[in-house]
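Shown next, in structure tokens, is the structure this report addresses.
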Amino acid sequence: MTLRFYAVAYLIFLYAPIALLPIFAFNDGTIIAFPLQGFTTQWFGELRTTPALHEAVKNSLIIAVSSAVIATLLGICAARAGQMETFPGKGGVIGFIMLPLVLPEIIVAVSLLVVIVRVMGLPLGNWTIILAHVLICMPFCIAVLNGAFAGLDKSMEEAAMDLGQSRWGAFRLVTLPLIAPGIVSSLLISFTISLDEFIIAFFLSGNSPTMPVYIWGLLRFPEKLPVVMALGTILVALSIVLLTIAETMRRRGLRRAGLKDTGGFL
Amino acid sequence: MNELIRLRGIHKFYGDFHALKGINLTIRKGEFFSLLGPSGCGKTTLLRTIAGFEDPTEGTLSIDGRDMRRVPANERPTNMVFQSYAIFPHLSVAENVGFGLRKDPRSKDEKTRAVGRALEMVGLAGYGTRRATALSGGQRQRVALARALILEPKVLLLDEPLSALDKKMREQMQVELIRLQRHVGITFILVTHDQEEALVMSDRIAVMFEGEIGQLADPETLYRRPVSKKVASFIGMMNFLDGRVTAEGPSIAVEVAGLGRCEVPAEQAPGGISAGAITVGIRPETLAILYEGETTDRRVVDGVVDEVVYYGDMTYYDVRVDGVEKPLTISMKNLIGRPVLDVGAATRVVWDARSLVLLAG
Ligand SMILES: Nc1ncnc2c1ncn2[C@@H]1O[C@H](COP(=O)(O)OP(=O)(O)O)[C@@H](O)[C@H]1O
Ligand SMILES: [Mg+2]
């Protein structure tokens with residue numbers, strides 16, 4: 001009973017600030033404090049008339065979509081390979097791919113920065129962030145896709161080949177449709193991770209920041225705080241929608257394969 | 001003899017594990033052939049080798065005179081019914097059955113008609129638009145059959161196709177499979193660990209143990225003339241008694257422990273024997289209990305009922321006989337005027353030298 005009380009208190013403590021976001025996003029006052037001053041949509045309006053923000057959002061979307069697609073494609077290959085009985089160095093390779101899960105992002109950011117700028121002498125840009133985001137998204141993609149592949153009867157692909165299809169044909173006509181929910185789920189999760197990632201984007205963005213970096217920049221101007229709140233509200237809503245879709249797809253995939261649910265991210 | 005598949009010296013290693021140990025086999029056109037053996041003996045491995053999903057480490061395989069080395073599964077004249085059926089869950093029944101026709105140059109209408117015919121053949125006419133996942137186990141099995149047969153393969157490979165069905169359904173499908181095989185005339189190779197299933201369905205059976213073929217014969221020969229103790233105990237029930245060969249020749253003189261001396265023709269030692277200690281096999285149904293008032297001109301030995309197992313139509317008795325190590329199992333039809341005996345009842349057992357099988361070791 002007491003344990004449950006602590007758990008609830010803890011959750012409130014964690015999530016209360018998020019609940020405050022929409023409250024102050026609609027509050028008619030520049031100071032983030034109670035009592036509330038009245039209802040306004042002024043801050044959302046201001047979002048629309050800030051070109052720098054639009055640029056940042058565009059960067060973020062380019063990066064998030066590219067990272068999601070690349071990480072998911074690589075994830076499909078890796079998860080498919082992981083399903084094979086064995087290949088040389090299988091354990092090591094899979095472990096290596098999952099490593100970013102425990103690697104601090106700041107390490108990834110700094111080491112990539114050093115390699116790209118110092119060693120290779122290349123300019124920073126969206127592509128450098130994409131590179132790093134693919135790295136940190138991969139473990140999540142693989143976790144989701146492994147689940148999708150594990151639920152797959154191994155004889156499905158063989159049956160398709162037995163019925164005249166090539167290896168690729170069997171994969172395209174049978175495996176791919178069956179893991180489609182997992183692919184959608186993987187795309188959405190990595191999109192979400194990339195979209196609100198800050199540390200790497202902060203270190204590796206060139207002249208044109210991503211949205212989280214832009215928001216961080218805004219924080220220096222107290223009068224801009226409500227605008228940040230408005231932006232944050234939109235982001236939280238978007239994240240919740242995307243993750244819900246991702247989880248729904250993952251569960252549908254399991255059901256389609258006739259499997260019991262064994263976890264997931266939500 | 002019309003040979004279709006020829007396997008010569010097939011070996012398969014998984015790492016250090018020797019899964020197939022030199023399989024030599026010839027399978028004829030149009031026959032219902034079974035690979036029978038305990039779980040893990042390599043039946044599936046052998047079937048998958050024929051299908052092209054496993055490469056033999058050594059040895060040659062040819063189908064219809066064509067060497068199958070480096071011929072991938074999708075180019076072999078074989079089709080397979082998988083143990084899990086592997087029905088594609090995202091496709092309808094008709095799309096499943098028509099899957100193999102994707103590369104077929106025929107028109108769409110003709111393909112639709114072919115699918116209809118295939119479904120009709122397995123008794124699923126009108127099920128085409130259903131979702132494959134909405135079918136029962138028996139229906140999935142039929143879809144898998146139709147899907148494989150629509151390509152008119154030279155060989156249909158079936159990996160324990162009936163093991164997932166309940167007893168009633170299984171017996172019904174056995175009959176249907178036999179009928180289907182006669183109808184299409186395609187060579188069927190069935191993998192099973194169920195000896196009864198193999199006996200009921202097959203023209204010929206290869207019994208496998210640990211990667212080797214123990215005996216290859218038609219069901220009756222396999223049952224009546226097993227070549228080894230292993231085969232004899234795997235197929236049906238068999239009493240094993242100690243014996244000793246006292247004279248060899250076209251007629252073999254044997255001293256059977258507990259039963260006495262007798263002469264049997266050499267063909268009752270199908271595996272070959274040598275002088276000295278042997279094992280004598282007797283099937284339970286070739287022994288009989290002599291009831292009060294019955295007479296026989298066959299040989300009789302005294303015994304005591306040790307255990308009674310009642311099956312309704314049959315009763316199995318374990319009867320202890322002096323000089324025989326384990327009680328003899330005897331099966332008796334429960335005919336009118338034959339009361340079921342009680343444990344401990346003194347009885348007489350009828351036996352016949354013509355039903356003995358002499359086995360080495
Ligand atoms: N891919 C594989 N890797 C390693 N061992 C295998 C593989 N496939 C089968 N085996 C082994 O080979 C033996 C025969 O397997 P299998 O042909 O499936 O037997 P059966 O179908 O008669 O039950 C088993 O001991 C099994 O563990
Ligand atoms: Mg098997």
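Here's how to read the names in the structure tokens: chain A, B, ... by the order shown, residue numbers from 1 in each chain, ligand numbers from 1 in the order shown.
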### Message
Distance cut-off 9 Å, counting only C-alpha atoms - which residues of chain B neighbour chain A? Return them as a ChimeraX atom specification.
### Response
/B:51-53,72-76,78-90,99-103,133,147-148,151
### Task
Go through the chains and note each residue within 6 Å of ligand 1, using only C-alpha atoms and all ligand atoms, then give the set as a ChimeraX atom specification.
/B:14,19,39-45
### Query
Pick the closest to ligand 2 from B:His11, B:His193, B:Lys154, B:Arg142: which is it, counting only C-alpha atoms and all ligand atoms?
B:His193
Backbone-only DSSP, alpha helix (DSSP H) members of stretch 208-275 of chain B, as a JSON list (two decimals) with N, CA and C atoms, in the first residue's frame:
```
[["chain", "number", "residue", "atom", "x", "y", "z"],
["B", 219, "PRO", "N", 5.03, -52.74, -46.11],
["B", 219, "PRO", "CA", 4.53, -52.83, -44.73],
["B", 219, "PRO", "C", 4.45, -54.26, -44.21],
["B", 220, "GLU", "N", 3.95, -55.18, -45.03],
["B", 220, "GLU", "CA", 3.78, -56.54, -44.52],
["B", 220, "GLU", "C", 5.11, -57.20, -44.21],
["B", 221, "THR", "N", 6.07, -57.05, -45.11],
["B", 221, "THR", "CA", 7.39, -57.62, -44.87],
["B", 221, "THR", "C", 8.01, -57.02, -43.62],
["B", 222, "LEU", "N", 7.84, -55.70, -43.50],
["B", 222, "LEU", "CA", 8.41, -55.00, -42.35],
["B", 222, "LEU", "C", 7.84, -55.55, -41.04],
["B", 223, "TYR", "N", 6.55, -55.83, -41.09],
["B", 223, "TYR", "CA", 5.88, -56.29, -39.87],
["B", 223, "TYR", "C", 6.18, -57.75, -39.60],
["B", 224, "ARG", "N", 6.14, -58.56, -40.65],
["B", 224, "ARG", "CA", 6.28, -60.00, -40.43],
["B", 224, "ARG", "C", 7.73, -60.47, -40.46],
["B", 229, "LYS", "N", 16.38, -56.58, -34.16],
["B", 229, "LYS", "CA", 15.62, -56.36, -32.93],
["B", 229, "LYS", "C", 15.09, -54.94, -32.87],
["B", 230, "LYS", "N", 15.92, -54.00, -33.36],
["B", 230, "LYS", "CA", 15.56, -52.59, -33.33],
["B", 230, "LYS", "C", 14.30, -52.33, -34.16],
["B", 231, "VAL", "N", 14.32, -52.85, -35.39],
["B", 231, "VAL", "CA", 13.16, -52.66, -36.27],
["B", 231, "VAL", "C", 11.95, -53.36, -35.67],
["B", 232, "ALA", "N", 12.17, -54.59, -35.18],
["B", 232, "ALA", "CA", 11.07, -55.38, -34.64],
["B", 232, "ALA", "C", 10.41, -54.67, -33.47],
["B", 233, "SER", "N", 11.19, -54.03, -32.62],
["B", 233, "SER", "CA", 10.57, -53.39, -31.46],
["B", 233, "SER", "C", 9.99, -52.03, -31.80],
["B", 234, "PHE", "N", 10.44, -51.42, -32.91],
["B", 234, "PHE", "CA", 9.87, -50.13, -33.30],
["B", 234, "PHE", "C", 8.53, -50.31, -34.01]]
```
### Message
Between A:Ala230, A:Leu204, A:Ala143, A:Ile62, which residue has the minimum interatomic distance to A:Arg250, considering only C-alpha atoms?
### Response
A:Ala143
### Query
Could you name the residues that touch A:Ala56 at 10 Å or less, counting only C-alpha atoms, but leaving out those on the same chain fewer than 5 positions away, as a PyMOL selection string?
chain A and resi 51+61-62+208-215
Quick one: write out the picked residues with C-alpha atoms as a PDB file, in the first residue's frame?
```pdb
ATOM      1  CA  PRO A  51      11.352  31.954 -39.942  1.00  0.00           C
ATOM      2  CA  LEU A  61      12.295  16.697 -40.058  1.00  0.00           C
ATOM      3  CA  ILE A  62      14.938  15.989 -42.705  1.00  0.00           C
ATOM      4  CA  SER A 208      21.618  25.819 -38.982  1.00  0.00           C
ATOM      5  CA  PRO A 209      20.344  24.239 -35.731  1.00  0.00           C
ATOM      6  CA  THR A 210      17.740  21.515 -35.265  1.00  0.00           C
ATOM      7  CA  MET A 211      14.572  22.213 -33.346  1.00  0.00           C
ATOM      8  CA  PRO A 212      15.737  21.087 -29.880  1.00  0.00           C
ATOM      9  CA  VAL A 213      18.906  23.138 -30.290  1.00  0.00           C
ATOM     10  CA  TYR A 214      16.837  26.119 -31.415  1.00  0.00           C
ATOM     11  CA  ILE A 215      14.583  25.754 -28.365  1.00  0.00           C
TER      12      ILE A 215
END
```
Write out as a compact mmCIF listing (two decimals) with N, CA and C atoms, in the first residue's frame the residues lying within 12 Å of stretch 243-247 of chain B, counting only C-alpha atoms and excluding same-chain residues fewer than 5 positions away.
```txt
# COMPACT_ATOMS: atom_id res chain seq x y z
N ILE B 252 16.02 -74.28 -39.99
CA ILE B 252 16.88 -73.99 -38.84
C ILE B 252 16.28 -74.61 -37.59
N ALA B 253 17.09 -75.33 -36.85
CA ALA B 253 16.63 -75.91 -35.59
C ALA B 253 16.96 -74.95 -34.46
N VAL B 254 15.93 -74.58 -33.69
CA VAL B 254 16.13 -73.62 -32.60
C VAL B 254 15.60 -74.18 -31.30
N GLU B 255 16.31 -73.87 -30.24
CA GLU B 255 15.85 -74.18 -28.89
C GLU B 255 15.38 -72.84 -28.31
N VAL B 256 14.03 -72.68 -28.11
CA VAL B 256 13.49 -71.42 -27.60
C VAL B 256 13.26 -71.55 -26.10
N ALA B 257 13.83 -70.63 -25.33
CA ALA B 257 13.73 -70.69 -23.88
C ALA B 257 12.27 -70.71 -23.45
N GLY B 258 11.88 -71.71 -22.67
CA GLY B 258 10.53 -71.78 -22.14
C GLY B 258 9.55 -72.47 -23.05
N LEU B 259 9.77 -72.42 -24.38
CA LEU B 259 8.82 -73.01 -25.31
C LEU B 259 9.28 -74.37 -25.81
N GLY B 260 10.58 -74.53 -25.96
CA GLY B 260 11.09 -75.82 -26.41
C GLY B 260 11.73 -75.76 -27.78
N ARG B 261 11.99 -76.95 -28.31
CA ARG B 261 12.72 -77.08 -29.56
C ARG B 261 11.76 -77.03 -30.75
N CYS B 262 12.21 -76.38 -31.85
CA CYS B 262 11.37 -76.39 -33.06
C CYS B 262 12.23 -76.15 -34.29
N GLU B 263 11.62 -76.36 -35.45
CA GLU B 263 12.31 -76.15 -36.72
C GLU B 263 11.60 -75.02 -37.46
N VAL B 264 12.36 -74.07 -38.00
CA VAL B 264 11.71 -73.01 -38.79
C VAL B 264 12.46 -72.83 -40.10
N PRO B 265 11.73 -72.48 -41.18
CA PRO B 265 12.40 -72.25 -42.46
C PRO B 265 13.30 -71.02 -42.39
N ALA B 266 14.34 -71.02 -43.22
CA ALA B 266 15.36 -69.97 -43.16
C ALA B 266 14.78 -68.58 -43.42
N ALA B 269 14.35 -66.00 -40.72
CA ALA B 269 15.49 -65.27 -40.18
C ALA B 269 15.94 -64.25 -41.22
N GLY B 272 19.33 -62.68 -41.23
CA GLY B 272 20.47 -63.59 -41.17
C GLY B 272 20.90 -63.83 -39.73
N ILE B 273 21.26 -65.05 -39.41
CA ILE B 273 21.73 -65.37 -38.06
C ILE B 273 22.92 -66.29 -38.16
N SER B 274 23.60 -66.47 -37.05
CA SER B 274 24.67 -67.47 -37.04
C SER B 274 24.41 -68.41 -35.87
N ALA B 275 25.11 -69.51 -35.86
CA ALA B 275 24.91 -70.49 -34.80
C ALA B 275 25.16 -69.87 -33.44
N GLY B 276 24.50 -70.42 -32.42
CA GLY B 276 24.70 -69.90 -31.07
C GLY B 276 23.50 -69.14 -30.58
N ALA B 277 23.74 -68.18 -29.66
CA ALA B 277 22.64 -67.45 -29.02
C ALA B 277 21.99 -66.48 -30.00
N ILE B 278 20.64 -66.49 -30.04
CA ILE B 278 19.91 -65.54 -30.87
C ILE B 278 18.71 -65.02 -30.06
N THR B 279 17.97 -64.10 -30.68
CA THR B 279 16.72 -63.65 -30.07
C THR B 279 15.57 -64.13 -30.94
N VAL B 280 14.51 -64.61 -30.28
CA VAL B 280 13.35 -65.08 -31.02
C VAL B 280 12.20 -64.11 -30.78
N GLY B 281 11.62 -63.60 -31.87
CA GLY B 281 10.52 -62.65 -31.73
C GLY B 281 9.19 -63.31 -32.01
N ILE B 282 8.17 -62.98 -31.21
CA ILE B 282 6.81 -63.49 -31.44
C ILE B 282 5.83 -62.33 -31.26
N GLY B 323 10.63 -70.38 -17.54
CA GLY B 323 11.76 -70.40 -18.47
C GLY B 323 11.80 -69.20 -19.41
N VAL B 324 10.72 -68.39 -19.45
CA VAL B 324 10.73 -67.18 -20.27
C VAL B 324 10.95 -65.98 -19.34
N GLU B 325 11.94 -65.17 -19.70
CA GLU B 325 12.39 -64.11 -18.80
C GLU B 325 11.27 -63.11 -18.47
N LEU B 356 7.36 -67.45 -35.67
CA LEU B 356 8.58 -66.96 -35.01
C LEU B 356 9.44 -66.15 -35.99
N VAL B 357 10.13 -65.18 -35.44
CA VAL B 357 11.14 -64.46 -36.23
C VAL B 357 12.47 -64.62 -35.52
N LEU B 358 13.46 -65.10 -36.25
CA LEU B 358 14.78 -65.29 -35.63
C LEU B 358 15.64 -64.07 -35.89
N LEU B 359 16.15 -63.50 -34.82
CA LEU B 359 16.93 -62.26 -34.93
C LEU B 359 18.30 -62.43 -34.32
N ALA B 360 19.29 -61.83 -34.94
CA ALA B 360 20.65 -61.92 -34.41
C ALA B 360 20.73 -61.17 -33.08
N GLY B 361 21.60 -61.65 -32.19
CA GLY B 361 21.90 -60.92 -30.95
C GLY B 361 20.85 -61.07 -29.87
```
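In this structure, atom CA of B:Val191 sits 4.8 Å away from atom CA of B:Leu35.
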### Message
If we count only C-alpha atoms and set the cut-off at 8 Å, which residues sit around stretch 78-95 of chain A, ignoring sequence neighbours fewer than 5 positions away in its own chain? Please answer as a ChimeraX atom specification.
### Response
/A:142,145-146,149-150
Write out, as a PDB file, in the first residue's frame, the residues just selected, with all heavy atoms.
```
ATOM      1  N   ILE A 142      16.439  -2.566 -33.974  1.00  0.00           N
ATOM      2  CA  ILE A 142      16.712  -4.000 -33.944  1.00  0.00           C
ATOM      3  C   ILE A 142      15.859  -4.699 -32.896  1.00  0.00           C
ATOM      4  O   ILE A 142      15.334  -5.785 -33.134  1.00  0.00           O
ATOM      5  CB  ILE A 142      18.210  -4.248 -33.697  1.00  0.00           C
ATOM      6  CG1 ILE A 142      18.975  -3.822 -34.943  1.00  0.00           C
ATOM      7  CG2 ILE A 142      18.478  -5.699 -33.364  1.00  0.00           C
ATOM      8  CD1 ILE A 142      20.441  -4.055 -34.860  1.00  0.00           C
ATOM      9  N   LEU A 145      12.451  -4.973 -34.459  1.00  0.00           N
ATOM     10  CA  LEU A 145      12.423  -5.862 -35.625  1.00  0.00           C
ATOM     11  C   LEU A 145      12.745  -7.306 -35.250  1.00  0.00           C
ATOM     12  O   LEU A 145      12.189  -8.233 -35.822  1.00  0.00           O
ATOM     13  CB  LEU A 145      13.393  -5.357 -36.684  1.00  0.00           C
ATOM     14  CG  LEU A 145      12.941  -4.049 -37.341  1.00  0.00           C
ATOM     15  CD1 LEU A 145      14.065  -3.410 -38.118  1.00  0.00           C
ATOM     16  CD2 LEU A 145      11.750  -4.300 -38.249  1.00  0.00           C
ATOM     17  N   ASN A 146      13.625  -7.481 -34.255  1.00  0.00           N
ATOM     18  CA  ASN A 146      13.898  -8.838 -33.768  1.00  0.00           C
ATOM     19  C   ASN A 146      12.609  -9.497 -33.338  1.00  0.00           C
ATOM     20  O   ASN A 146      12.375 -10.665 -33.629  1.00  0.00           O
ATOM     21  CB  ASN A 146      14.859  -8.792 -32.574  1.00  0.00           C
ATOM     22  CG  ASN A 146      16.285  -9.050 -33.001  1.00  0.00           C
ATOM     23  OD1 ASN A 146      16.525  -9.520 -34.111  1.00  0.00           O
ATOM     24  ND2 ASN A 146      17.217  -8.734 -32.135  1.00  0.00           N
ATOM     25  N   PHE A 149      10.695 -10.529 -36.387  1.00  0.00           N
ATOM     26  CA  PHE A 149      11.266 -11.709 -37.051  1.00  0.00           C
ATOM     27  C   PHE A 149      11.095 -12.962 -36.204  1.00  0.00           C
ATOM     28  O   PHE A 149      10.864 -14.046 -36.732  1.00  0.00           O
ATOM     29  CB  PHE A 149      12.761 -11.500 -37.325  1.00  0.00           C
ATOM     30  CG  PHE A 149      13.031 -10.815 -38.631  1.00  0.00           C
ATOM     31  CD1 PHE A 149      13.468  -9.506 -38.663  1.00  0.00           C
ATOM     32  CD2 PHE A 149      12.834 -11.479 -39.828  1.00  0.00           C
ATOM     33  CE1 PHE A 149      13.723  -8.870 -39.863  1.00  0.00           C
ATOM     34  CE2 PHE A 149      13.083 -10.852 -41.032  1.00  0.00           C
ATOM     35  CZ  PHE A 149      13.529  -9.538 -41.050  1.00  0.00           C
ATOM     36  N   ALA A 150      11.233 -12.799 -34.884  1.00  0.00           N
ATOM     37  CA  ALA A 150      11.154 -13.967 -34.013  1.00  0.00           C
ATOM     38  C   ALA A 150       9.771 -14.599 -34.089  1.00  0.00           C
ATOM     39  O   ALA A 150       9.620 -15.802 -33.940  1.00  0.00           O
ATOM     40  CB  ALA A 150      11.489 -13.576 -32.572  1.00  0.00           C
TER      41      ALA A 150
END
```
